[in-house]
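So the structure is just underneath, and the comments pick up after that.
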Amino acid sequence: MSSSEERKLILKSSDNEEFVVKESSAVQCLTIKNLVEDRCVSDPIPLANVDSKILALVIEFMEKHAETTLSNSEKKEFDVEFVKKPFDDLLELILAANYLDFRELMDVLCNTCAKQMENWSVEEVREKFNIQNDYTVEEEKAARAENPWAFE
Amino acid sequence: MTREDQVMGENGGEIHGDILEVIFSHVPLIDLVPASHVSKSWGYAVTSSLSHFNKPKPWLILHKQATRYPYTTSRYAYDPRSHMWIKISQPSIKYNLALKSSNSNFLYMLSSTKLSFSFDPLNISWSHVDPPLIWRTDPIVAKVGDSIVVVGGGSDYEDDPLPVEIYNTVTHAWDTCDTMPGNLKDSAASTWLSIATTNEKLFITEKQSGLTYWFDPNTKCWSRPNKLNPNQHISDHNIGTSNDDLILVGLCKNGENVEQVKIWKVDKENFQCEEIVEMPLVYVDKLKSESIGISSINVHVTGNFVYIYNQSETEEVVVCELIANNDYRWWSIQNVVAHDEMIMNRLVFTCSRVGFDELQRIMRSENQRFEVES
């Protein structure tokens, strides 16, 4: 089977940019795999929740992990470099991986996210995750009094 | 994985709902405690994630105690939920005597003037009571319901097996009763015996022969002798309780004289054994010492977890997790305490269910610190 017979798919980002990918790589995303198996593939496949910047990164990861010539440790090395991105990008990638149901990417990203969180204080976490503090003033005071070390 | 909880705002979304809970499934339990204080919705998400995505799992705790005064003790815990070792800050009391454990998360220290014991998940609270009437070396000391049972052990003065003594934690009184069965007399010291406890009974198995008795501290009765006999010759028998089941972990050899480790479920009434699973040979190999293979194993069982290591070489610990019916996961971990640190130190293993609420309470009020060991 020559590579010119490899089926290709076109993925379209929310900002209307189109990306050509091998079907064999793309089906690592279960969302896409389901579309292919149900023969519901339109041309191109619109991904309303993923912009071009993030989609390009997802595709980079996807293609690397689909390469059968790479060893597991080479893939791990790639992963280590791949996650060296601004935290905001990581969060957007998590949302995309969740939307696409791309388990492997999700695991790598969540693990990285979890590791980074280990060293942050509550304030830092709130800032990085852009969290609305839903404590009342009293509740906030109580939380700080009981767990001062968490807030440092 | 649902998408219903995903919200994409103008600058990207706030991570919440299922996605946040998936992230939390990767966060170590000790870091979920501060995460739960970030906001109310994060607090709910932590609780939900712990229920649905990655539950707390029993920790294997190592207490490394110096054998000389001042008996400095360091504690480390392996959390299988996140596959990591944690260093736990100083114990809540000074361990002035040899620290021991016969099973589970029960720790004790015994001298001629007192018995100290602890059975909360991280051994924060300790009781100090008068010692048993009769002095003995190396007995079994175990908690069964409200009773602390002291069985066996050796004595320079007595040839006959020593009486069983029971301390009632409710009435704070000691009681003496019938001695342990004569058949166990020669192996009365805890090194030759393996025990398991339920809320009602103490089960004792002679490691070499598989001879097993139970003792009921409420009726003060011993069972008749039973032989654990799973159709295979076992050279080293170890028992434990997994949820409410009695299980046997045995060292044996297959037809080609290759060492195997197998797990059986044991009926608590008739002691019939039913084979559950066998340790993959690659992990049996990890337990072997270079010189003598494996002569004896030690086993810690709690909940769905079985931790197994070679008594003489504690560098590798093999872990077995029951995932669902008949589905087992095996892996091995390296002991965080290296072999050379063992000189001048004793290592006591316990296995403990450390829950989120308990951990939160401890971190808040007991001033205990936990650090991930890298």
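How things are named: the first chain in the structure tokens is A, the next is B, and so on; residues count from 1 in each chain; ligands count from 1 in the order shown.
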**OP:** Enumerate as a PyMOL selection string the residues belonging to chain B that approach chain A to within 7 Å, with only C-alpha atoms taken into account.
**Re:** chain B and resi 3+12+14+23+26-27+31+34+37-40+364
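The space between atom CA of Asp15 of chain A and atom CA of Phe78 of chain A spans 27.4 Å.
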Original post:
What lies within 8 Å of Trp174 of chain B using only C-alpha atoms, ignoring chain neighbours under 6 positions off, as an MDAnalysis selection string?
Top reply: chainID B and resid 132 165:168
Create the file for the chosen residues now, containing N, CA and C atoms and written as a tab-separated table (two decimals), in the first residue's frame.
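Final file, again_22.tsv:
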```
chain	number	residue	atom	x	y	z
B	132	PRO	N	0.86	-5.49	79.10
B	132	PRO	CA	0.22	-6.74	79.51
B	132	PRO	C	0.93	-7.28	80.77
B	165	GLU	N	-3.58	-11.88	76.06
B	165	GLU	CA	-4.10	-10.79	76.88
B	165	GLU	C	-4.79	-9.79	75.97
B	166	ILE	N	-5.90	-9.28	76.48
B	166	ILE	CA	-6.73	-8.39	75.66
B	166	ILE	C	-6.92	-7.07	76.39
B	167	TYR	N	-6.63	-5.99	75.70
B	167	TYR	CA	-6.89	-4.67	76.28
B	167	TYR	C	-8.15	-4.12	75.63
B	168	ASN	N	-9.12	-3.78	76.44
B	168	ASN	CA	-10.37	-3.23	75.90
B	168	ASN	C	-10.27	-1.71	75.85
```
Subject >> Polymer residues at most 10 Å from segment 109-113 of chain B, only C-alpha atoms, same-chain spacing of 3 or more positions, as JSON, numbers by chain >> reply: {"B": [95, 96, 97, 98, 99, 100, 101, 116, 117, 118, 128, 129, 130, 131, 132, 133, 134, 135, 136, 137, 138, 139, 141]}
**OP:** For atom CA of Ala45 of chain B and atom CA of Glu21 of chain B, quote the distance in Å rounded to one decimal.
**Re:**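 Interatomic distance here is 5.9 Å.
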**OP:** Report the residues of segment 29-78 of chain A whose backbone DSSP state falls under helix (DSSP H, G or I), written as a PyMOL selection string.
**Re:** chain A and resi 30-37+52-66+72-78
Subject >> Two-atom distance - atom CA of Met342 of chain B, atom CA of Arg81 of chain B (Å) >> reply: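 Between atom CA of Met342 of chain B and atom CA of Arg81 of chain B the gap works out to 26.8 Å.
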Original post:
When distances are computed from only C-alpha atoms, which of B:Gly154, B:Pro28, B:Pro56, B:Gly17 shows the smallest separation from Trp85 of chain B?
Top reply: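 Of the candidates, the smallest distance to Trp85 of chain B is held by B:Pro28.
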Original post:
Which of these, A:Ser73, A:Val137, A:Phe102, A:Glu127, has the shortest distance to Val27 of chain A once you count only C-alpha atoms?
Top reply: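 Closest to Val27 of chain A, using only C-alpha atoms: A:Phe102.
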**OP:** Based on DSSP run over this structure's backbone, return all residues of segment 153-369 of chain B in strand (DSSP E or B), as a PyMOL selection string.
**Re:** chain B and resi 154+164-168+173-177+193-197+202-206+211-216+221-222+226-227+234-242+245-253+259-266+273-278+289+293+297-302+305-310+313-324+327-334+345-352
